[in-house]
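Data block below; observations after.
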Amino acid sequence: MLSVEAVDKTYGSGDEQVETLRAVSLTVQTGEFAALVGPSGCGKTTLLNLIAGLDEVDAGRIIVDGDAPPAAERLARFGYMPQQDMLFPWRTVLENVALGLEIQGQRKSDAHARAAELFPQFGLGGFEHRRPHELSGGMRQRASFLRTYLLGRPFLLLDEPFGALDAITRGQLQAWLAETWNRIGGSALLVTHDPHEAVALSDRVFVMSPRPGRITRVLDVDLPRPRSARAAETEAAHQLIDALRHETESSEGW
Amino acid sequence: MRRINSVSSWRRWFIDVVAPVSLTLIVLIGWQVYVWLSDIRPEVLPGPIRIVRESVESAGAIWAHALVTMSEVGAGFAISVICAIALGMLLDLSSPVRRALYPLIVASQTVPIPVVAPLMIVWFGFGILPKIIVIGLFTFVPIVLGFAAGLAATERPTLNLMRTLGASRWQLYRYVKIPAALPDLFTGLRIAAIYAVLGAIFGELAGATDGLGIFLEQSRLSFRTDLVFGAIFVVALLSYLLFLAVVLLERRAIPWRFQRRET
């Protein structure tokens, strides 16, 4: 279980100070898929980076499974998927995906074997020895997801993983992730500015205000699990998406 | 389709080969014609035909001197590259070191080397060491600056990803920073390769018994302007060959850069 308790974060100093997060609290239960929705620049990514341990909070606590590890220890607790795929052009797709395992100290051949096993499931079969630039945007994102997943960490932090893709590919990947999640399970916190994406994938949505970011609303998504690829096309889902859209728009001051 | 292809490949061949070769020929012919018509003395300006004839006659001597220069370039360039790469790493690893050394590195490039080179002979004697140091002064700055810039170019999101993957500092360099810096390193290496032979010449001019610099100086003092030109051509050729070697090595070392362009 992940608990964020009254977290503040301010960047800069003196006149340049920017209060990014103010008294942010949220809880994600074990096995839950949560989403964090808000306008761009509201501090969603800042919060995700704080949880991941890339930075330390100014005030408040981040509690992981009952204890409050400092940032340096949180780094090893979460799987983190960045917005850009960040596949390195000097490595093949397989070498990129296995990078985390190699860094963890696994022998290269073992790391490659473990990664290669999952390539078909992630729709990457046959592309092991290609270079990243030979893959489509959607495939690159799936490879990036596989790199994160392979670390075997039970809680994933996803930072707008589909934000840089075109609308059609984004829809396909959302459907793919919804189905894949049925199989792999675990807990997740997804940052997105897309209400449709939040509803399609998550069990609970936190709505964040513009800077300084605060949680203004929590919405339960009681769509059935396992989710189908078309889970977000039902009437119930549409109502939730509309409610969420209304919520984020009003928080933007429209 | 086929037609277009053959036309475009012909055009490419023309641009790559025919254009530079014919321009060079036009310049050489113009030069030779001027020398014939003006009746200028060969000590002042020899024509290309005379330069080639006399240089071929002295080919044995030129080759012997070129071998000396090449060995100086080989040792000097290799040592310069190794030191520059080590220093580039050091600059990236430590910000105090970077602040302390950066102005000195830039200043080293402004040293008037022909003036300092004779001092090197006083300090280090007539052996190969002062030549290596002068070659280093000529070549090492572009390599250090290129490599350090490449290492520093890794962006925050990439560093964040590597931290969440659990990468140590050394792993960050091994898996990301060094491969990412290779293109900038090679940009510096290419510039350095152009100046390496010139550095050896200046080192020799300050004090040596053999080498193309000595051959140049002796030819000049005995008014053999034709051989001066011949030696200059050899210097240019050696520089170009070293440059070419760096370019070929670059294609082997960072194949992904060229693959991407082809697709």
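By order of appearance in the structure tokens: chains A, B, ..., then residues from 1 within every chain, and ligands from 1 in the order shown.
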Could you write out as a list in words the residues of chain B within 6 Å of chain A, counting only C-alpha atoms?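 Selected residues: Thr164, Leu165, Ala167 and Trp256 of chain B.
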Quick one: write out the picked residues with C-alpha atoms as a compact mmCIF listing (two decimals), in the first residue's frame?
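The resulting selection.txt:
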# COMPACT_ATOMS: atom_id res chain seq x y z
CA THR B 164 15.10 4.21 -10.93
CA LEU B 165 16.70 1.24 -12.68
CA ALA B 167 22.27 2.33 -11.91
CA TRP B 256 23.59 3.33 -35.03
List the spatial neighbours of range 10-21 of chain A as a list in words - criterion: any atom at most 12 Å away, only C-alpha atoms, same-chain residues fewer than 4 positions off excluded.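 My reading of the contact set: Val4, Glu5, Ala6, Ser25, Gly41, Cys42, Gly43, Lys44, Thr45, Thr46, Leu47, Leu48, Leu50, Asp55, Glu56, Val57, Asp58, Ala59, Gly60, Met208, Ser209, Pro210, Arg211, Pro212, Gly213, Arg214 and Ile215 of chain A.
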Output the selection as a PDB file, in the first residue's frame - N, CA and C atoms for each residue.
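Okay, selection_30.pdb is ready:
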ATOM      1  N   VAL A   4       0.442   8.753   0.586  1.00  0.00           N
ATOM      2  CA  VAL A   4       1.087  10.055   0.536  1.00  0.00           C
ATOM      3  C   VAL A   4       0.356  10.932   1.543  1.00  0.00           C
ATOM      4  N   GLU A   5       1.099  11.489   2.514  1.00  0.00           N
ATOM      5  CA  GLU A   5       0.436  12.235   3.590  1.00  0.00           C
ATOM      6  C   GLU A   5       0.930  13.668   3.652  1.00  0.00           C
ATOM      7  N   ALA A   6       0.040  14.596   3.316  1.00  0.00           N
ATOM      8  CA  ALA A   6       0.273  16.036   3.469  1.00  0.00           C
ATOM      9  C   ALA A   6       1.630  16.469   2.936  1.00  0.00           C
ATOM     10  N   SER A  25      -2.424  14.592  -0.308  1.00  0.00           N
ATOM     11  CA  SER A  25      -2.573  13.283   0.324  1.00  0.00           C
ATOM     12  C   SER A  25      -3.336  12.367  -0.612  1.00  0.00           C
ATOM     13  N   GLY A  41       1.260  21.085 -15.886  1.00  0.00           N
ATOM     14  CA  GLY A  41       1.932  22.022 -14.990  1.00  0.00           C
ATOM     15  C   GLY A  41       1.369  22.028 -13.583  1.00  0.00           C
ATOM     16  N   CYS A  42       0.472  21.080 -13.249  1.00  0.00           N
ATOM     17  CA  CYS A  42      -0.137  21.131 -11.919  1.00  0.00           C
ATOM     18  C   CYS A  42       0.705  20.401 -10.887  1.00  0.00           C
ATOM     19  N   GLY A  43       1.761  19.733 -11.314  1.00  0.00           N
ATOM     20  CA  GLY A  43       2.615  19.062 -10.346  1.00  0.00           C
ATOM     21  C   GLY A  43       2.432  17.561 -10.292  1.00  0.00           C
ATOM     22  N   LYS A  44       1.686  16.992 -11.251  1.00  0.00           N
ATOM     23  CA  LYS A  44       1.476  15.535 -11.269  1.00  0.00           C
ATOM     24  C   LYS A  44       2.803  14.794 -11.346  1.00  0.00           C
ATOM     25  N   THR A  45       3.630  15.239 -12.300  1.00  0.00           N
ATOM     26  CA  THR A  45       4.910  14.546 -12.489  1.00  0.00           C
ATOM     27  C   THR A  45       5.820  14.759 -11.290  1.00  0.00           C
ATOM     28  N   THR A  46       5.751  15.969 -10.699  1.00  0.00           N
ATOM     29  CA  THR A  46       6.525  16.226  -9.481  1.00  0.00           C
ATOM     30  C   THR A  46       6.157  15.221  -8.394  1.00  0.00           C
ATOM     31  N   LEU A  47       4.847  15.020  -8.214  1.00  0.00           N
ATOM     32  CA  LEU A  47       4.404  14.084  -7.184  1.00  0.00           C
ATOM     33  C   LEU A  47       4.898  12.670  -7.496  1.00  0.00           C
ATOM     34  N   LEU A  48       4.798  12.283  -8.751  1.00  0.00           N
ATOM     35  CA  LEU A  48       5.245  10.944  -9.141  1.00  0.00           C
ATOM     36  C   LEU A  48       6.747  10.779  -8.875  1.00  0.00           C
ATOM     37  N   LEU A  50       8.510  12.395  -6.664  1.00  0.00           N
ATOM     38  CA  LEU A  50       8.723  12.329  -5.216  1.00  0.00           C
ATOM     39  C   LEU A  50       8.469  10.909  -4.721  1.00  0.00           C
ATOM     40  N   ASP A  55      13.344  12.609  -5.796  1.00  0.00           N
ATOM     41  CA  ASP A  55      13.495  13.878  -5.104  1.00  0.00           C
ATOM     42  C   ASP A  55      12.880  13.685  -3.711  1.00  0.00           C
ATOM     43  N   GLU A  56      13.230  14.586  -2.768  1.00  0.00           N
ATOM     44  CA  GLU A  56      12.703  14.413  -1.416  1.00  0.00           C
ATOM     45  C   GLU A  56      11.628  15.459  -1.140  1.00  0.00           C
ATOM     46  N   VAL A  57      10.646  15.081  -0.316  1.00  0.00           N
ATOM     47  CA  VAL A  57       9.557  16.006   0.009  1.00  0.00           C
ATOM     48  C   VAL A  57      10.086  17.111   0.937  1.00  0.00           C
ATOM     49  N   ASP A  58       9.414  18.288   0.903  1.00  0.00           N
ATOM     50  CA  ASP A  58       9.749  19.353   1.860  1.00  0.00           C
ATOM     51  C   ASP A  58       9.079  19.068   3.196  1.00  0.00           C
ATOM     52  N   ALA A  59       7.836  18.636   3.135  1.00  0.00           N
ATOM     53  CA  ALA A  59       7.090  18.310   4.352  1.00  0.00           C
ATOM     54  C   ALA A  59       6.124  17.187   4.020  1.00  0.00           C
ATOM     55  N   GLY A  60       5.684  16.477   5.058  1.00  0.00           N
ATOM     56  CA  GLY A  60       4.782  15.354   4.840  1.00  0.00           C
ATOM     57  C   GLY A  60       5.548  14.049   4.746  1.00  0.00           C
ATOM     58  N   MET A 208      -6.345  16.635  -9.641  1.00  0.00           N
ATOM     59  CA  MET A 208      -5.438  17.606  -9.061  1.00  0.00           C
ATOM     60  C   MET A 208      -5.745  18.996  -9.604  1.00  0.00           C
ATOM     61  N   SER A 209      -5.580  20.009  -8.747  1.00  0.00           N
ATOM     62  CA  SER A 209      -5.830  21.398  -9.136  1.00  0.00           C
ATOM     63  C   SER A 209      -4.588  21.972  -9.803  1.00  0.00           C
ATOM     64  N   PRO A 210      -4.750  23.124 -10.504  1.00  0.00           N
ATOM     65  CA  PRO A 210      -3.547  23.803 -11.009  1.00  0.00           C
ATOM     66  C   PRO A 210      -2.651  24.212  -9.852  1.00  0.00           C
ATOM     67  N   ARG A 211      -1.420  24.606 -10.168  1.00  0.00           N
ATOM     68  CA  ARG A 211      -0.419  24.926  -9.165  1.00  0.00           C
ATOM     69  C   ARG A 211      -0.888  25.994  -8.195  1.00  0.00           C
ATOM     70  N   PRO A 212      -0.627  25.852  -6.894  1.00  0.00           N
ATOM     71  CA  PRO A 212       0.005  24.681  -6.278  1.00  0.00           C
ATOM     72  C   PRO A 212      -0.949  23.486  -6.264  1.00  0.00           C
ATOM     73  N   GLY A 213      -0.427  22.323  -6.698  1.00  0.00           N
ATOM     74  CA  GLY A 213      -1.276  21.159  -6.861  1.00  0.00           C
ATOM     75  C   GLY A 213      -1.840  20.654  -5.536  1.00  0.00           C
ATOM     76  N   ARG A 214      -3.156  20.455  -5.518  1.00  0.00           N
ATOM     77  CA  ARG A 214      -3.829  19.821  -4.387  1.00  0.00           C
ATOM     78  C   ARG A 214      -4.781  18.784  -4.953  1.00  0.00           C
ATOM     79  N   ILE A 215      -5.123  17.767  -4.165  1.00  0.00           N
ATOM     80  CA  ILE A 215      -6.120  16.803  -4.617  1.00  0.00           C
ATOM     81  C   ILE A 215      -7.486  17.420  -4.336  1.00  0.00           C
TER      82      ILE A 215
END
What are the DSSP strand (DSSP E or B) residues of range 87-215 of chain A, as a PyMOL selection string? chain A and resi 155-159+187-192+204-208+213+215
Which polymer residues have any atom within 9 Å of an atom of Ala236 in chain B, counting only C-alpha atoms, with same-chain residues fewer than 6 positions away left out, as a PyMOL selection string? chain B and resi 194+197-198
Surrounding residues of range 176-185 of chain B excluding itself and chain neighbours under 2 positions, 6 Å, only C-alpha atoms, as a PyMOL selection string: chain B and resi 146-147+150-151+172-174+187-188
Compare B:Leu137, B:Val35, B:Leu237, B:Thr69 by their minimum atom-to-atom distance to Leu216 in chain B, counting only C-alpha atoms, and give me the closest one.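 The shortest atom-to-atom distance to Leu216 in chain B comes from B:Thr69.
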Which residue, A:Met1, A:Ala111, A:Leu26, A:Ala116, has the smallest gap to Asp65 in chain A when you use only C-alpha atoms?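 Once distances to Asp65 in chain A are computed over only C-alpha atoms, the minimum belongs to A:Met1.
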Pairwise distance, CA of Ile82 in chain B with CA of Gly199 in chain B, equals 17.0 Å
How would you write, as a ChimeraX atom specification, the set of residues in range 12-221 of chain A that DSSP gives as helix (DSSP H, G or I)? /A:14-16,44-52,71-74,93-97,99-103,108-118,132-134,137-149,167-184,195-201
What's the 12 Å shell around Ala100 in chain B, counting only C-alpha atoms, without same-chain residues fewer than 6 positions away, as number ranges by chain? B: 90-91, 94, 106
Would you write out those residues with N, CA and C atoms, as a compact mmCIF listing (two decimals), in the first residue's frame?
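Output file out-v3.txt follows:
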# COMPACT_ATOMS: atom_id res chain seq x y z
N LEU B 90 37.04 13.31 -16.31
CA LEU B 90 37.28 14.00 -15.04
C LEU B 90 36.45 15.28 -14.96
N LEU B 91 36.40 16.01 -16.06
CA LEU B 91 35.62 17.25 -16.09
C LEU B 91 34.15 16.98 -15.81
N SER B 94 33.52 15.72 -11.89
CA SER B 94 33.67 16.62 -10.75
C SER B 94 33.51 18.07 -11.17
N VAL B 106 41.11 26.01 -22.08
CA VAL B 106 40.86 26.98 -23.16
C VAL B 106 42.12 27.81 -23.40
Please provide the set of residues having any atom within 9 Å of Trp181 in chain A, restricted to only C-alpha atoms, with same-chain residues fewer than 3 positions apart removed, written as an NGL selection string. :A and (176-178 or 184-186 or 201 or 226-227)
Keeping C-alpha atoms, export the residues of the selection given above as an mmCIF file, in the first residue's frame.
data_model
loop_
_atom_site.group_PDB
_atom_site.id
_atom_site.type_symbol
_atom_site.label_atom_id
_atom_site.label_comp_id
_atom_site.auth_asym_id
_atom_site.auth_seq_id
_atom_site.Cartn_x
_atom_site.Cartn_y
_atom_site.Cartn_z
ATOM 1 C CA TRP A 176 -3.599 -3.226 -24.685
ATOM 2 C CA LEU A 177 -2.548 -2.083 -21.206
ATOM 3 C CA ALA A 178 -6.061 -2.670 -19.797
ATOM 4 C CA ILE A 184 0.175 -9.155 -14.754
ATOM 5 C CA GLY A 185 -1.681 -7.514 -11.864
ATOM 6 C CA GLY A 186 0.086 -5.441 -9.229
ATOM 7 C CA LEU A 201 -7.423 1.846 -16.917
ATOM 8 C CA PRO A 226 -11.090 -7.929 -15.650
ATOM 9 C CA ARG A 227 -11.319 -4.975 -18.000
#
Please list as a PDB file with N, CA and C atoms, in the first residue's frame every residue within 12 Å of Val115 in chain B, counting only C-alpha atoms and excluding residues in the same chain fewer than 2 positions away.
ATOM      1  N   THR B 110      45.372  28.923 -26.718  1.00  0.00           N
ATOM      2  CA  THR B 110      45.773  30.247 -27.188  1.00  0.00           C
ATOM      3  C   THR B 110      47.282  30.450 -27.091  1.00  0.00           C
ATOM      4  N   VAL B 111      48.003  29.437 -26.566  1.00  0.00           N
ATOM      5  CA  VAL B 111      49.453  29.559 -26.467  1.00  0.00           C
ATOM      6  C   VAL B 111      50.050  29.662 -27.867  1.00  0.00           C
ATOM      7  N   PRO B 112      50.876  30.694 -28.147  1.00  0.00           N
ATOM      8  CA  PRO B 112      51.529  30.772 -29.461  1.00  0.00           C
ATOM      9  C   PRO B 112      52.610  29.706 -29.563  1.00  0.00           C
ATOM     10  N   ILE B 113      52.238  28.578 -30.128  1.00  0.00           N
ATOM     11  CA  ILE B 113      53.079  27.386 -30.057  1.00  0.00           C
ATOM     12  C   ILE B 113      54.458  27.569 -30.712  1.00  0.00           C
ATOM     13  N   ALA B 117      57.546  26.386 -28.553  1.00  0.00           N
ATOM     14  CA  ALA B 117      58.185  25.123 -28.922  1.00  0.00           C
ATOM     15  C   ALA B 117      59.703  25.122 -28.665  1.00  0.00           C
ATOM     16  N   PRO B 118      60.433  26.208 -29.001  1.00  0.00           N
ATOM     17  CA  PRO B 118      61.879  26.191 -28.710  1.00  0.00           C
ATOM     18  C   PRO B 118      62.169  26.024 -27.218  1.00  0.00           C
ATOM     19  N   LEU B 119      61.300  26.589 -26.372  1.00  0.00           N
ATOM     20  CA  LEU B 119      61.470  26.401 -24.931  1.00  0.00           C
ATOM     21  C   LEU B 119      61.348  24.934 -24.555  1.00  0.00           C
ATOM     22  N   MET B 120      60.407  24.245 -25.225  1.00  0.00           N
ATOM     23  CA  MET B 120      60.220  22.818 -24.961  1.00  0.00           C
ATOM     24  C   MET B 120      61.512  22.055 -25.235  1.00  0.00           C
ATOM     25  N   ILE B 121      62.216  22.491 -26.301  1.00  0.00           N
ATOM     26  CA  ILE B 121      63.476  21.826 -26.628  1.00  0.00           C
ATOM     27  C   ILE B 121      64.472  22.035 -25.487  1.00  0.00           C
ATOM     28  N   VAL B 134      53.963  19.148 -28.264  1.00  0.00           N
ATOM     29  CA  VAL B 134      53.417  20.138 -29.204  1.00  0.00           C
ATOM     30  C   VAL B 134      52.200  19.573 -29.939  1.00  0.00           C
ATOM     31  N   PHE B 202      55.618  21.733 -36.413  1.00  0.00           N
ATOM     32  CA  PHE B 202      56.061  22.816 -35.538  1.00  0.00           C
ATOM     33  C   PHE B 202      57.037  22.305 -34.487  1.00  0.00           C
ATOM     34  N   GLY B 203      56.779  21.123 -33.973  1.00  0.00           N
ATOM     35  CA  GLY B 203      57.696  20.530 -32.998  1.00  0.00           C
ATOM     36  C   GLY B 203      59.071  20.321 -33.599  1.00  0.00           C
ATOM     37  N   LEU B 205      60.359  21.908 -36.248  1.00  0.00           N
ATOM     38  CA  LEU B 205      60.984  23.185 -36.606  1.00  0.00           C
ATOM     39  C   LEU B 205      61.721  23.783 -35.409  1.00  0.00           C
ATOM     40  N   ALA B 206      61.209  23.484 -34.198  1.00  0.00           N
ATOM     41  CA  ALA B 206      61.839  24.050 -33.012  1.00  0.00           C
ATOM     42  C   ALA B 206      63.193  23.399 -32.730  1.00  0.00           C
TER      43      ALA B 206
END
So, with only C-alpha atoms as the atoms that count, which of A:Ser228, A:Thr216, A:Ser144, A:Gln239 lies closest to Asn182 in chain A?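 Closest residue, counting only C-alpha atoms: A:Ser228.
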